[in-house]
Amino acid sequence: MLPDSDLARAGNPAEITARLGAAFATGRTRPLDWRKAQLRALRDLLTEHQQVFAAALNADLGKSATEAHTTEIGFTVNEIDHTLRHLDRWTRPHKVRTPLSLAPARARTVREPLGTVLIISPWNYPLQLALAPLVGALAAGNCAVIKPSELAPATSAALAHWLPRVLDPHAVAVVEGGVPETTALLDQRFDHVFYTGNGTVGRIVMAAAARHLTPVTLELGGKSPAVVEPGTDLATAARRIAWGKFMNAGQTCVAPDYVLAVGEAATAIEPHLATAVREMYGADPATSGDYGRIVNDRHFDRLTGLLTDGRTVVGGDHDRTARYIAPTVLADVDPGSAVMREEIFGPILPVVHVPDLDSAIAFINGRDKPLALYAFTASRHSKRRLLAETSSGALAFGIPNAHLTVQGLPFGGVGESGQGRYHGSYSMDTFSHTKAVLDKPLLPDTLRLAYPPFTRRKERLLRRMA
Ligand code: NAD
């Protein structure tokens with residue numbers, strides 16, 4: 001552990017990027033031993049101080065200890081373990097075949113770290129969304145500046161306190177703050193900017209990064225539909241949709257935003273959704289220790305304004321002083337209503353009725369490409385059609401949100417839901433440059449054939465070898 005006097009010298013953005021850049025230039029972050037030591041230190045921090053982070057998440061979002069573990073702390077630990085297990089393999093050079101015309105020669109790809117990366121994270125999973133990208137950045141051998149969300153102040157403070165104490169403070173810095181601090185950071189030249197949040201700010205981030213020709217990853221949101229077809233097990237579908245939706249009080253980027261119910265599934269699923277909510281959170285979810293709260297008054301007011309956009313099947317209660325909004329299902333929702341125009345990002349689940357799968361596909365394709373598309377159907381034909389005829393960051397049948405926990409899968413959006421991807425080996429791709437390396441001995445000089453002056457014979461041979 002470093003003395004507090006050393007930790008205090010965080011400095012302004014220009015000083016921080018200069019300091020980290022100088023540290024990167026020494027090569028200290030490149031050895032695999034350094035990278036693994038950072039990952040193990042982060043893992044130890046999360047396991048030994050679980051309660052500290054769980055308490056911060058509870059203070060920010062009323063997260064239950066179970067959800068704090070499964071979706072944030074444990075999730076990040078799993079990401080670290082997966083990375084540690086595979087890092088040697090992921091960082092090994094890859095041999096590539098060389099063309100006959102170049103023989104003898106050897107070619108390979110070698111991953112190299114980018115330098116200093118900036119990670120800007122949001123408030124809804126304030127620990128996971130700051131640390132999972134950091135795992136990739138460190139594993140790839142980079143220095144990193146983390147800018148946690150000011151809207152989750154307890155988690156932000158915990159990260160700012162602990163990360164420089166357990167990680168290499170020459171290579172990792174945490175900058176707390178809101179728009180002015182993030183703007184000041186974005187004025188600096190980074191080697192990659194990794195932003196998670198909304199598309200409006202995503203555009204600001206991309207424009208700022210463009211000034212330095214810095215590549216960006218944008219992990220954004222949007223409206224992720226859950227298509228439900230008749231003939232599927234509606235009780236289980238309703239339970240799973242309710243589970244994915246009302247986790248973290250609906251403030252999950254991949255949560256099913258709305259149900260797109262085909263034919264008679266629209267009315268048939270209503271009672272099942274109501275039952276699922278009662279089974280999970282009781283008759284009065286306000287008293288459930290497993291149900292979260294809305295992050296702030298602004299979002300509370302925005303969300304309560306949407307509660308009248310349909311017939312209430314279950315829920316609808318709210319309490320501003322506690323920033324509580326009951327898990328709410330709305331039926332008979334007009335596709336043009338406010339609740340269907342913007343990402344909901346709260347515990348309100350509209351059910352929109354469409355007559356058939358063709359209309360469901362047209363509905364999806366008529367809007368921005370979603371971060372995730374979920375479908376509950378017993379028909380293999382429907383699955384094939386949804387796969388072939390729609391585009392989304394991810395497509396999952398039978399379960400929402402869980403594709404994030406499949407470590408071999410990339411996580412990221414497409415179009416308005418984002419660009420770039422991460423998790424596991426995909427983080428290595430994001431936070432590394434894959435360098436092409438070619439090594440051809442000077443002797444024998446087999447290239448004579450390629451040098452001018454060209455003769456007919458040379459040309460014939462060259463064409464044959466190409
Ligand atoms: P937020 O308000 O916490 O903002 C995210 C980050 O951007 C913060 O660090 C904040 O300080 C910074 N920021 C805000 N305004 C800025 C500005 N004008 N200039 C520079 N930086 C600025 O979080 P949010 O955007 O409200 O998060 C919710 C959104 O994020 C939703 O759309 C959700 O779907 C999406 N999201 C996506 C993912 C994903 O992995 N794809 C995960 C979580 C959330």
# chains A, B, ... in the order shown; residues from 1 in each chain; ligands from 1
$ residues_near_ligand --ligand "ligand 1" --cutoff "7 Å" --atoms "only C-alpha atoms and all ligand atoms" --output "ChimeraX atom specification"
/A:120-125,129,147-151,177-179,182-183,196-199,201,204-205,219-222,252-254,343,345,371,412-413,417-418
$ residues_around --residues "stretch 323-327 of chain A" --least-positions-apart "3" --cutoff "9 Å" --atoms "only C-alpha atoms" --output "mmCIF file with N, CA and C atoms, in the first residue's frame"
data_model
loop_
_atom_site.group_PDB
_atom_site.id
_atom_site.type_symbol
_atom_site.label_atom_id
_atom_site.label_comp_id
_atom_site.auth_asym_id
_atom_site.auth_seq_id
_atom_site.Cartn_x
_atom_site.Cartn_y
_atom_site.Cartn_z
ATOM 1 N N ALA A 242 -39.941 -10.624 -16.435
ATOM 2 C CA ALA A 242 -40.053 -9.806 -15.212
ATOM 3 C C ALA A 242 -38.721 -9.776 -14.467
ATOM 4 N N LYS A 245 -36.384 -7.541 -16.430
ATOM 5 C CA LYS A 245 -36.828 -6.146 -16.460
ATOM 6 C C LYS A 245 -36.666 -5.459 -15.106
ATOM 7 N N PHE A 246 -37.109 -6.109 -14.046
ATOM 8 C CA PHE A 246 -37.210 -5.394 -12.760
ATOM 9 C C PHE A 246 -35.950 -5.499 -11.905
ATOM 10 N N ALA A 249 -34.348 -2.327 -10.556
ATOM 11 C CA ALA A 249 -35.492 -1.446 -10.814
ATOM 12 C C ALA A 249 -35.564 -0.989 -12.280
ATOM 13 N N GLY A 250 -35.218 -1.915 -13.169
ATOM 14 C CA GLY A 250 -35.361 -1.620 -14.602
ATOM 15 C C GLY A 250 -34.237 -0.784 -15.183
ATOM 16 N N VAL A 277 -44.510 -10.771 -10.942
ATOM 17 C CA VAL A 277 -44.101 -9.631 -10.114
ATOM 18 C C VAL A 277 -44.426 -9.914 -8.642
ATOM 19 N N TYR A 281 -41.569 -10.060 -5.770
ATOM 20 C CA TYR A 281 -41.424 -8.897 -4.879
ATOM 21 C C TYR A 281 -42.540 -8.755 -3.864
ATOM 22 N N ASP A 284 -46.550 -6.022 -1.811
ATOM 23 C CA ASP A 284 -46.108 -4.627 -1.738
ATOM 24 C C ASP A 284 -44.586 -4.568 -1.972
ATOM 25 N N PRO A 285 -44.171 -4.401 -3.226
ATOM 26 C CA PRO A 285 -42.729 -4.430 -3.529
ATOM 27 C C PRO A 285 -41.927 -3.368 -2.774
ATOM 28 N N ALA A 286 -42.614 -2.328 -2.258
ATOM 29 C CA ALA A 286 -41.903 -1.288 -1.499
ATOM 30 C C ALA A 286 -41.238 -1.880 -0.260
ATOM 31 N N TYR A 291 -35.747 -5.306 -4.036
ATOM 32 C CA TYR A 291 -36.168 -4.396 -5.100
ATOM 33 C C TYR A 291 -35.462 -3.045 -4.941
ATOM 34 N N GLY A 292 -34.904 -2.535 -6.039
ATOM 35 C CA GLY A 292 -34.096 -1.320 -5.985
ATOM 36 C C GLY A 292 -34.908 -0.030 -6.054
ATOM 37 N N ARG A 293 -34.185 1.076 -6.090
ATOM 38 C CA ARG A 293 -34.803 2.408 -6.158
ATOM 39 C C ARG A 293 -34.277 3.157 -7.389
ATOM 40 N N ILE A 294 -34.996 4.227 -7.756
ATOM 41 C CA ILE A 294 -34.605 5.029 -8.922
ATOM 42 C C ILE A 294 -33.435 5.931 -8.526
ATOM 43 N N VAL A 295 -32.500 6.103 -9.449
ATOM 44 C CA VAL A 295 -31.222 6.719 -9.078
ATOM 45 C C VAL A 295 -31.357 8.151 -8.574
ATOM 46 N N ASN A 296 -32.252 8.973 -9.180
ATOM 47 C CA ASN A 296 -32.382 10.356 -8.709
ATOM 48 C C ASN A 296 -33.771 10.914 -9.052
ATOM 49 N N ASP A 297 -34.040 12.120 -8.577
ATOM 50 C CA ASP A 297 -35.373 12.715 -8.744
ATOM 51 C C ASP A 297 -35.692 12.968 -10.216
ATOM 52 N N PHE A 300 -36.790 9.845 -11.622
ATOM 53 C CA PHE A 300 -38.076 9.483 -11.007
ATOM 54 C C PHE A 300 -39.208 10.261 -11.699
ATOM 55 N N LEU A 303 -39.873 9.045 -15.227
ATOM 56 C CA LEU A 303 -40.531 7.733 -15.273
ATOM 57 C C LEU A 303 -41.997 7.809 -14.848
ATOM 58 N N THR A 304 -42.285 8.570 -13.803
ATOM 59 C CA THR A 304 -43.683 8.625 -13.357
ATOM 60 C C THR A 304 -44.551 9.292 -14.431
ATOM 61 N N VAL A 314 -50.317 -4.331 -13.456
ATOM 62 C CA VAL A 314 -49.824 -4.487 -12.085
ATOM 63 C C VAL A 314 -48.922 -3.287 -11.807
ATOM 64 N N GLY A 315 -48.840 -2.887 -10.527
ATOM 65 C CA GLY A 315 -47.937 -1.796 -10.146
ATOM 66 C C GLY A 315 -48.576 -0.429 -10.285
ATOM 67 N N GLY A 316 -47.757 0.561 -10.612
ATOM 68 C CA GLY A 316 -48.241 1.922 -10.775
ATOM 69 C C GLY A 316 -47.982 2.789 -9.542
ATOM 70 N N ASP A 317 -47.821 2.164 -8.357
ATOM 71 C CA ASP A 317 -47.587 2.970 -7.136
ATOM 72 C C ASP A 317 -46.205 3.615 -7.196
ATOM 73 N N HIS A 318 -46.104 4.762 -6.557
ATOM 74 C CA HIS A 318 -44.794 5.411 -6.485
ATOM 75 C C HIS A 318 -44.727 6.363 -5.302
ATOM 76 N N ASP A 319 -43.486 6.629 -4.879
ATOM 77 C CA ASP A 319 -43.269 7.464 -3.697
ATOM 78 C C ASP A 319 -41.992 8.259 -3.941
ATOM 79 N N ARG A 320 -42.160 9.581 -4.135
ATOM 80 C CA ARG A 320 -41.004 10.396 -4.540
ATOM 81 C C ARG A 320 -39.943 10.478 -3.451
ATOM 82 N N GLY A 346 -36.239 2.060 -16.562
ATOM 83 C CA GLY A 346 -36.907 2.076 -15.254
ATOM 84 C C GLY A 346 -37.912 0.934 -15.227
ATOM 85 N N PRO A 347 -38.625 0.768 -14.100
ATOM 86 C CA PRO A 347 -39.429 -0.443 -13.903
ATOM 87 C C PRO A 347 -40.825 -0.390 -14.532
ATOM 88 N N ILE A 348 -40.895 0.029 -15.778
ATOM 89 C CA ILE A 348 -42.190 0.098 -16.468
ATOM 90 C C ILE A 348 -42.092 -0.779 -17.716
ATOM 91 N N LEU A 349 -42.994 -1.737 -17.820
ATOM 92 C CA LEU A 349 -42.946 -2.697 -18.924
ATOM 93 C C LEU A 349 -44.212 -2.594 -19.770
#
$ residues_around --residues "stretch 25-29 of chain A" --least-positions-apart "4" --cutoff "12 Å" --atoms "only C-alpha atoms" --output "number ranges by chain"
A: 17-21, 33-38, 112-116, 137-144, 167-172
$ select_by_dssp --residues "stretch 77-147 of chain A" --states "strand (DSSP E)" --output "MDAnalysis selection string"
chainID A and resid 94:96 106:113 116:120 143:147
$ closest_residue --among "A:Gln51, A:Val193, A:Ile361, A:Gly136" --to "A:Leu84" --atoms "only C-alpha atoms"
A:Gly136
$ residues_around --residues "A:Ser391" --least-positions-apart "3" --cutoff "12 Å" --atoms "only C-alpha atoms" --output "PyMOL selection string"
chain A and resi 224-225+361-362+364-374+385-388+394-395+413-417
$ select_by_dssp --residues "stretch 158-349 of chain A" --states "helix (DSSP H, G or I)" --output "ChimeraX atom specification"
/A:158-166,179-186,199-210,234-250,265-281,285-287,297-304,338-340
$ residues_around --residues "stretch 65-81 of chain A" --least-positions-apart "3" --cutoff "10 Å" --atoms "only C-alpha atoms" --output "PDB file with N, CA, C and O atoms, in the first residue's frame"
ATOM      1  N   LYS A  36      -0.862  -9.595 -14.819  1.00  0.00           N
ATOM      2  CA  LYS A  36      -1.523 -10.581 -13.956  1.00  0.00           C
ATOM      3  C   LYS A  36      -1.554 -10.086 -12.514  1.00  0.00           C
ATOM      4  O   LYS A  36      -2.531 -10.298 -11.799  1.00  0.00           O
ATOM      5  N   LEU A  39      -4.418  -7.724 -12.142  1.00  0.00           N
ATOM      6  CA  LEU A  39      -5.716  -8.410 -12.139  1.00  0.00           C
ATOM      7  C   LEU A  39      -5.936  -9.131 -10.812  1.00  0.00           C
ATOM      8  O   LEU A  39      -7.048  -9.112 -10.253  1.00  0.00           O
ATOM      9  N   ARG A  40      -4.874  -9.748 -10.294  1.00  0.00           N
ATOM     10  CA  ARG A  40      -5.032 -10.462  -9.007  1.00  0.00           C
ATOM     11  C   ARG A  40      -5.297  -9.460  -7.883  1.00  0.00           C
ATOM     12  O   ARG A  40      -6.100  -9.718  -6.988  1.00  0.00           O
ATOM     13  N   LEU A  42      -6.810  -6.626  -8.148  1.00  0.00           N
ATOM     14  CA  LEU A  42      -8.195  -6.157  -8.289  1.00  0.00           C
ATOM     15  C   LEU A  42      -9.153  -7.228  -7.763  1.00  0.00           C
ATOM     16  O   LEU A  42     -10.132  -6.933  -7.064  1.00  0.00           O
ATOM     17  N   ARG A  43      -8.831  -8.469  -8.072  1.00  0.00           N
ATOM     18  CA  ARG A  43      -9.657  -9.579  -7.596  1.00  0.00           C
ATOM     19  C   ARG A  43      -9.666  -9.624  -6.061  1.00  0.00           C
ATOM     20  O   ARG A  43     -10.715  -9.767  -5.431  1.00  0.00           O
ATOM     21  N   ASP A  44      -8.472  -9.492  -5.471  1.00  0.00           N
ATOM     22  CA  ASP A  44      -8.378  -9.527  -4.002  1.00  0.00           C
ATOM     23  C   ASP A  44      -9.183  -8.389  -3.394  1.00  0.00           C
ATOM     24  O   ASP A  44      -9.877  -8.562  -2.390  1.00  0.00           O
ATOM     25  N   LEU A  45      -9.066  -7.211  -3.998  1.00  0.00           N
ATOM     26  CA  LEU A  45      -9.810  -6.056  -3.478  1.00  0.00           C
ATOM     27  C   LEU A  45     -11.309  -6.370  -3.451  1.00  0.00           C
ATOM     28  O   LEU A  45     -11.987  -6.124  -2.446  1.00  0.00           O
ATOM     29  N   LEU A  46     -11.814  -6.915  -4.549  1.00  0.00           N
ATOM     30  CA  LEU A  46     -13.253  -7.158  -4.652  1.00  0.00           C
ATOM     31  C   LEU A  46     -13.714  -8.253  -3.699  1.00  0.00           C
ATOM     32  O   LEU A  46     -14.825  -8.187  -3.161  1.00  0.00           O
ATOM     33  N   THR A  47     -12.893  -9.240  -3.484  1.00  0.00           N
ATOM     34  CA  THR A  47     -13.332 -10.329  -2.607  1.00  0.00           C
ATOM     35  C   THR A  47     -13.138  -9.945  -1.135  1.00  0.00           C
ATOM     36  O   THR A  47     -14.000 -10.211  -0.309  1.00  0.00           O
ATOM     37  N   HIS A  49     -13.009  -6.878   0.154  1.00  0.00           N
ATOM     38  CA  HIS A  49     -13.776  -5.703   0.569  1.00  0.00           C
ATOM     39  C   HIS A  49     -15.163  -5.682  -0.060  1.00  0.00           C
ATOM     40  O   HIS A  49     -15.711  -4.609  -0.342  1.00  0.00           O
ATOM     41  N   GLN A  50     -15.677  -6.888  -0.248  1.00  0.00           N
ATOM     42  CA  GLN A  50     -17.004  -7.011  -0.847  1.00  0.00           C
ATOM     43  C   GLN A  50     -18.046  -6.131  -0.178  1.00  0.00           C
ATOM     44  O   GLN A  50     -18.851  -5.486  -0.830  1.00  0.00           O
ATOM     45  N   GLN A  51     -17.991  -6.129   1.164  1.00  0.00           N
ATOM     46  CA  GLN A  51     -19.021  -5.389   1.909  1.00  0.00           C
ATOM     47  C   GLN A  51     -18.957  -3.901   1.633  1.00  0.00           C
ATOM     48  O   GLN A  51     -19.982  -3.231   1.567  1.00  0.00           O
ATOM     49  N   PHE A  53     -18.046  -2.399  -1.108  1.00  0.00           N
ATOM     50  CA  PHE A  53     -18.638  -2.091  -2.418  1.00  0.00           C
ATOM     51  C   PHE A  53     -20.138  -2.371  -2.420  1.00  0.00           C
ATOM     52  O   PHE A  53     -20.914  -1.619  -3.022  1.00  0.00           O
ATOM     53  N   ALA A  54     -20.540  -3.436  -1.729  1.00  0.00           N
ATOM     54  CA  ALA A  54     -21.977  -3.744  -1.660  1.00  0.00           C
ATOM     55  C   ALA A  54     -22.712  -2.605  -0.952  1.00  0.00           C
ATOM     56  O   ALA A  54     -23.810  -2.204  -1.360  1.00  0.00           O
ATOM     57  N   ALA A  55     -22.091  -2.051   0.102  1.00  0.00           N
ATOM     58  CA  ALA A  55     -22.723  -0.946   0.834  1.00  0.00           C
ATOM     59  C   ALA A  55     -22.831   0.289  -0.060  1.00  0.00           C
ATOM     60  O   ALA A  55     -23.842   1.010  -0.055  1.00  0.00           O
ATOM     61  N   ALA A  56     -21.793   0.542  -0.851  1.00  0.00           N
ATOM     62  CA  ALA A  56     -21.817   1.702  -1.752  1.00  0.00           C
ATOM     63  C   ALA A  56     -22.926   1.532  -2.799  1.00  0.00           C
ATOM     64  O   ALA A  56     -23.677   2.473  -3.092  1.00  0.00           O
ATOM     65  N   LEU A  57     -23.058   0.330  -3.337  1.00  0.00           N
ATOM     66  CA  LEU A  57     -24.093   0.075  -4.349  1.00  0.00           C
ATOM     67  C   LEU A  57     -25.479   0.187  -3.737  1.00  0.00           C
ATOM     68  O   LEU A  57     -26.422   0.655  -4.384  1.00  0.00           O
ATOM     69  N   ASN A  58     -25.582  -0.199  -2.489  1.00  0.00           N
ATOM     70  CA  ASN A  58     -26.863  -0.070  -1.805  1.00  0.00           C
ATOM     71  C   ASN A  58     -27.194   1.405  -1.575  1.00  0.00           C
ATOM     72  O   ASN A  58     -28.331   1.846  -1.780  1.00  0.00           O
ATOM     73  N   LEU A  61     -28.097   2.905  -5.185  1.00  0.00           N
ATOM     74  CA  LEU A  61     -29.222   2.386  -5.965  1.00  0.00           C
ATOM     75  C   LEU A  61     -30.144   1.468  -5.183  1.00  0.00           C
ATOM     76  O   LEU A  61     -31.022   0.834  -5.771  1.00  0.00           O
ATOM     77  N   GLY A  62     -29.922   1.361  -3.887  1.00  0.00           N
ATOM     78  CA  GLY A  62     -30.734   0.449  -3.084  1.00  0.00           C
ATOM     79  C   GLY A  62     -30.554  -0.990  -3.529  1.00  0.00           C
ATOM     80  O   GLY A  62     -31.445  -1.823  -3.354  1.00  0.00           O
ATOM     81  N   LEU A  84      -7.558 -14.187 -16.530  1.00  0.00           N
ATOM     82  CA  LEU A  84      -6.307 -14.774 -16.024  1.00  0.00           C
ATOM     83  C   LEU A  84      -6.089 -16.180 -16.606  1.00  0.00           C
ATOM     84  O   LEU A  84      -4.964 -16.558 -16.931  1.00  0.00           O
ATOM     85  N   ARG A  85      -7.183 -16.920 -16.751  1.00  0.00           N
ATOM     86  CA  ARG A  85      -7.075 -18.287 -17.284  1.00  0.00           C
ATOM     87  C   ARG A  85      -6.560 -18.299 -18.724  1.00  0.00           C
ATOM     88  O   ARG A  85      -5.845 -19.197 -19.122  1.00  0.00           O
ATOM     89  N   HIS A  86      -6.936 -17.288 -19.495  1.00  0.00           N
ATOM     90  CA  HIS A  86      -6.645 -17.346 -20.933  1.00  0.00           C
ATOM     91  C   HIS A  86      -5.589 -16.345 -21.403  1.00  0.00           C
ATOM     92  O   HIS A  86      -5.269 -16.313 -22.593  1.00  0.00           O
ATOM     93  N   LEU A  87      -5.092 -15.527 -20.486  1.00  0.00           N
ATOM     94  CA  LEU A  87      -4.247 -14.402 -20.922  1.00  0.00           C
ATOM     95  C   LEU A  87      -3.004 -14.860 -21.701  1.00  0.00           C
ATOM     96  O   LEU A  87      -2.643 -14.246 -22.715  1.00  0.00           O
ATOM     97  N   TYR A 125     -24.777   0.338 -13.329  1.00  0.00           N
ATOM     98  CA  TYR A 125     -23.952  -0.744 -12.761  1.00  0.00           C
ATOM     99  C   TYR A 125     -22.590  -0.104 -12.544  1.00  0.00           C
ATOM    100  O   TYR A 125     -21.642  -0.370 -13.291  1.00  0.00           O
ATOM    101  N   PRO A 126     -22.503   0.771 -11.557  1.00  0.00           N
ATOM    102  CA  PRO A 126     -21.350   1.683 -11.495  1.00  0.00           C
ATOM    103  C   PRO A 126     -20.029   0.984 -11.196  1.00  0.00           C
ATOM    104  O   PRO A 126     -18.968   1.518 -11.499  1.00  0.00           O
ATOM    105  N   LEU A 127     -20.102  -0.205 -10.625  1.00  0.00           N
ATOM    106  CA  LEU A 127     -18.867  -0.938 -10.349  1.00  0.00           C
ATOM    107  C   LEU A 127     -18.480  -1.783 -11.571  1.00  0.00           C
ATOM    108  O   LEU A 127     -17.394  -1.637 -12.128  1.00  0.00           O
ATOM    109  N   GLN A 128     -19.401  -2.622 -12.002  1.00  0.00           N
ATOM    110  CA  GLN A 128     -19.117  -3.520 -13.129  1.00  0.00           C
ATOM    111  C   GLN A 128     -18.692  -2.748 -14.380  1.00  0.00           C
ATOM    112  O   GLN A 128     -17.746  -3.127 -15.068  1.00  0.00           O
ATOM    113  N   LEU A 129     -19.393  -1.648 -14.665  1.00  0.00           N
ATOM    114  CA  LEU A 129     -19.160  -0.958 -15.942  1.00  0.00           C
ATOM    115  C   LEU A 129     -17.906  -0.080 -15.912  1.00  0.00           C
ATOM    116  O   LEU A 129     -17.458   0.392 -16.950  1.00  0.00           O
ATOM    117  N   ALA A 130     -17.340   0.122 -14.715  1.00  0.00           N
ATOM    118  CA  ALA A 130     -16.027   0.768 -14.633  1.00  0.00           C
ATOM    119  C   ALA A 130     -14.931  -0.302 -14.650  1.00  0.00           C
ATOM    120  O   ALA A 130     -13.895  -0.133 -15.293  1.00  0.00           O
ATOM    121  N   LEU A 131     -15.182  -1.410 -13.945  1.00  0.00           N
ATOM    122  CA  LEU A 131     -14.098  -2.380 -13.758  1.00  0.00           C
ATOM    123  C   LEU A 131     -13.982  -3.423 -14.864  1.00  0.00           C
ATOM    124  O   LEU A 131     -12.872  -3.866 -15.175  1.00  0.00           O
ATOM    125  N   ALA A 132     -15.085  -3.844 -15.467  1.00  0.00           N
ATOM    126  CA  ALA A 132     -14.953  -4.864 -16.530  1.00  0.00           C
ATOM    127  C   ALA A 132     -14.120  -4.318 -17.706  1.00  0.00           C
ATOM    128  O   ALA A 132     -13.233  -5.022 -18.199  1.00  0.00           O
ATOM    129  N   PRO A 133     -14.336  -3.062 -18.135  1.00  0.00           N
ATOM    130  CA  PRO A 133     -13.423  -2.534 -19.166  1.00  0.00           C
ATOM    131  C   PRO A 133     -11.990  -2.409 -18.647  1.00  0.00           C
ATOM    132  O   PRO A 133     -11.040  -2.647 -19.391  1.00  0.00           O
ATOM    133  N   LEU A 134     -11.852  -2.059 -17.367  1.00  0.00           N
ATOM    134  CA  LEU A 134     -10.500  -1.918 -16.801  1.00  0.00           C
ATOM    135  C   LEU A 134      -9.754  -3.257 -16.849  1.00  0.00           C
ATOM    136  O   LEU A 134      -8.547  -3.289 -17.119  1.00  0.00           O
ATOM    137  N   VAL A 135     -10.473  -4.349 -16.597  1.00  0.00           N
ATOM    138  CA  VAL A 135      -9.853  -5.676 -16.663  1.00  0.00           C
ATOM    139  C   VAL A 135      -9.224  -5.868 -18.051  1.00  0.00           C
ATOM    140  O   VAL A 135      -8.065  -6.266 -18.168  1.00  0.00           O
ATOM    141  N   GLY A 136      -9.984  -5.543 -19.090  1.00  0.00           N
ATOM    142  CA  GLY A 136      -9.465  -5.695 -20.451  1.00  0.00           C
ATOM    143  C   GLY A 136      -8.294  -4.757 -20.716  1.00  0.00           C
ATOM    144  O   GLY A 136      -7.302  -5.148 -21.330  1.00  0.00           O
ATOM    145  N   ALA A 139      -5.282  -6.098 -18.814  1.00  0.00           N
ATOM    146  CA  ALA A 139      -4.844  -7.378 -19.386  1.00  0.00           C
ATOM    147  C   ALA A 139      -4.086  -7.150 -20.692  1.00  0.00           C
ATOM    148  O   ALA A 139      -3.159  -7.889 -21.016  1.00  0.00           O
ATOM    149  N   MET A 247     -34.975  -6.281 -12.348  1.00  0.00           N
ATOM    150  CA  MET A 247     -33.653  -6.284 -11.752  1.00  0.00           C
ATOM    151  C   MET A 247     -33.142  -4.840 -11.761  1.00  0.00           C
ATOM    152  O   MET A 247     -33.323  -4.128 -12.746  1.00  0.00           O
ATOM    153  N   ASN A 248     -32.548  -4.394 -10.648  1.00  0.00           N
ATOM    154  CA  ASN A 248     -32.006  -3.024 -10.567  1.00  0.00           C
ATOM    155  C   ASN A 248     -33.085  -1.985 -10.912  1.00  0.00           C
ATOM    156  O   ASN A 248     -32.797  -0.936 -11.491  1.00  0.00           O
ATOM    157  N   GLY A 289     -36.785  -6.325   0.207  1.00  0.00           N
ATOM    158  CA  GLY A 289     -35.358  -5.988   0.282  1.00  0.00           C
ATOM    159  C   GLY A 289     -34.648  -6.287  -1.037  1.00  0.00           C
ATOM    160  O   GLY A 289     -33.482  -5.940  -1.211  1.00  0.00           O
ATOM    161  N   ASP A 290     -35.352  -6.947  -1.948  1.00  0.00           N
ATOM    162  CA  ASP A 290     -34.722  -7.340  -3.206  1.00  0.00           C
ATOM    163  C   ASP A 290     -35.034  -6.377  -4.347  1.00  0.00           C
ATOM    164  O   ASP A 290     -34.645  -6.625  -5.494  1.00  0.00           O
ATOM    165  N   TYR A 291     -35.747  -5.306  -4.036  1.00  0.00           N
ATOM    166  CA  TYR A 291     -36.168  -4.396  -5.100  1.00  0.00           C
ATOM    167  C   TYR A 291     -35.462  -3.045  -4.941  1.00  0.00           C
ATOM    168  O   TYR A 291     -35.441  -2.473  -3.846  1.00  0.00           O
ATOM    169  N   GLY A 292     -34.904  -2.535  -6.039  1.00  0.00           N
ATOM    170  CA  GLY A 292     -34.096  -1.320  -5.985  1.00  0.00           C
ATOM    171  C   GLY A 292     -34.908  -0.030  -6.054  1.00  0.00           C
ATOM    172  O   GLY A 292     -36.142  -0.036  -6.079  1.00  0.00           O
ATOM    173  N   LEU A 404     -24.676 -11.744 -21.216  1.00  0.00           N
ATOM    174  CA  LEU A 404     -23.494 -11.086 -20.643  1.00  0.00           C
ATOM    175  C   LEU A 404     -22.631 -12.033 -19.826  1.00  0.00           C
ATOM    176  O   LEU A 404     -21.445 -11.806 -19.648  1.00  0.00           O
ATOM    177  N   THR A 405     -23.255 -13.061 -19.300  1.00  0.00           N
ATOM    178  CA  THR A 405     -22.510 -13.960 -18.422  1.00  0.00           C
ATOM    179  C   THR A 405     -21.857 -15.112 -19.195  1.00  0.00           C
ATOM    180  O   THR A 405     -21.160 -15.917 -18.597  1.00  0.00           O
ATOM    181  N   GLN A 407     -19.024 -16.121 -21.144  1.00  0.00           N
ATOM    182  CA  GLN A 407     -17.759 -15.392 -21.269  1.00  0.00           C
ATOM    183  C   GLN A 407     -17.152 -15.406 -22.664  1.00  0.00           C
ATOM    184  O   GLN A 407     -16.355 -14.545 -22.998  1.00  0.00           O
ATOM    185  N   HIS A 423     -15.479  -7.760 -23.272  1.00  0.00           N
ATOM    186  CA  HIS A 423     -15.582  -8.976 -22.444  1.00  0.00           C
ATOM    187  C   HIS A 423     -14.607 -10.020 -23.006  1.00  0.00           C
ATOM    188  O   HIS A 423     -14.571 -10.263 -24.216  1.00  0.00           O
ATOM    189  N   GLY A 424     -13.854 -10.612 -22.089  1.00  0.00           N
ATOM    190  CA  GLY A 424     -12.956 -11.711 -22.443  1.00  0.00           C
ATOM    191  C   GLY A 424     -12.012 -11.351 -23.577  1.00  0.00           C
ATOM    192  O   GLY A 424     -11.422 -10.267 -23.584  1.00  0.00           O
TER     193      GLY A 424
END
$ closest_residue --among "A:Gln251, A:Thr267, A:Ser288, A:Ser432" --to "A:Ile344" --atoms "only C-alpha atoms"
A:Gln251
$ residues_around --residues "A:Leu357" --least-positions-apart "4" --cutoff "12 Å" --atoms "only C-alpha atoms" --output "JSON, numbers by chain"
{"A": [227, 228, 229, 230, 260, 261, 262, 263, 265, 353, 361, 362, 363, 364, 375, 376, 377, 379, 381, 382, 383, 384, 385, 386, 389, 390]}
$ closest_residue --among "A:Arg189, A:Arg278, A:Lys95, A:His82" --to "A:Glu15" --atoms "only C-alpha atoms"
A:Arg189
$ atom_distance --atom1 "atom CA of A:Thr434" --atom2 "atom CA of A:Val406"
24.5 Å
$ closest_residue --among "A:Asp257, A:Ala14, A:Val166, A:Gly244" --to "A:His403" --atoms "only C-alpha atoms"
A:Gly244
$ residues_around --residues "A:Gln188" --least-positions-apart "3" --cutoff "9 Å" --atoms "only C-alpha atoms" --output "ChimeraX atom specification"
/A:13-14,17,184-185,209,212
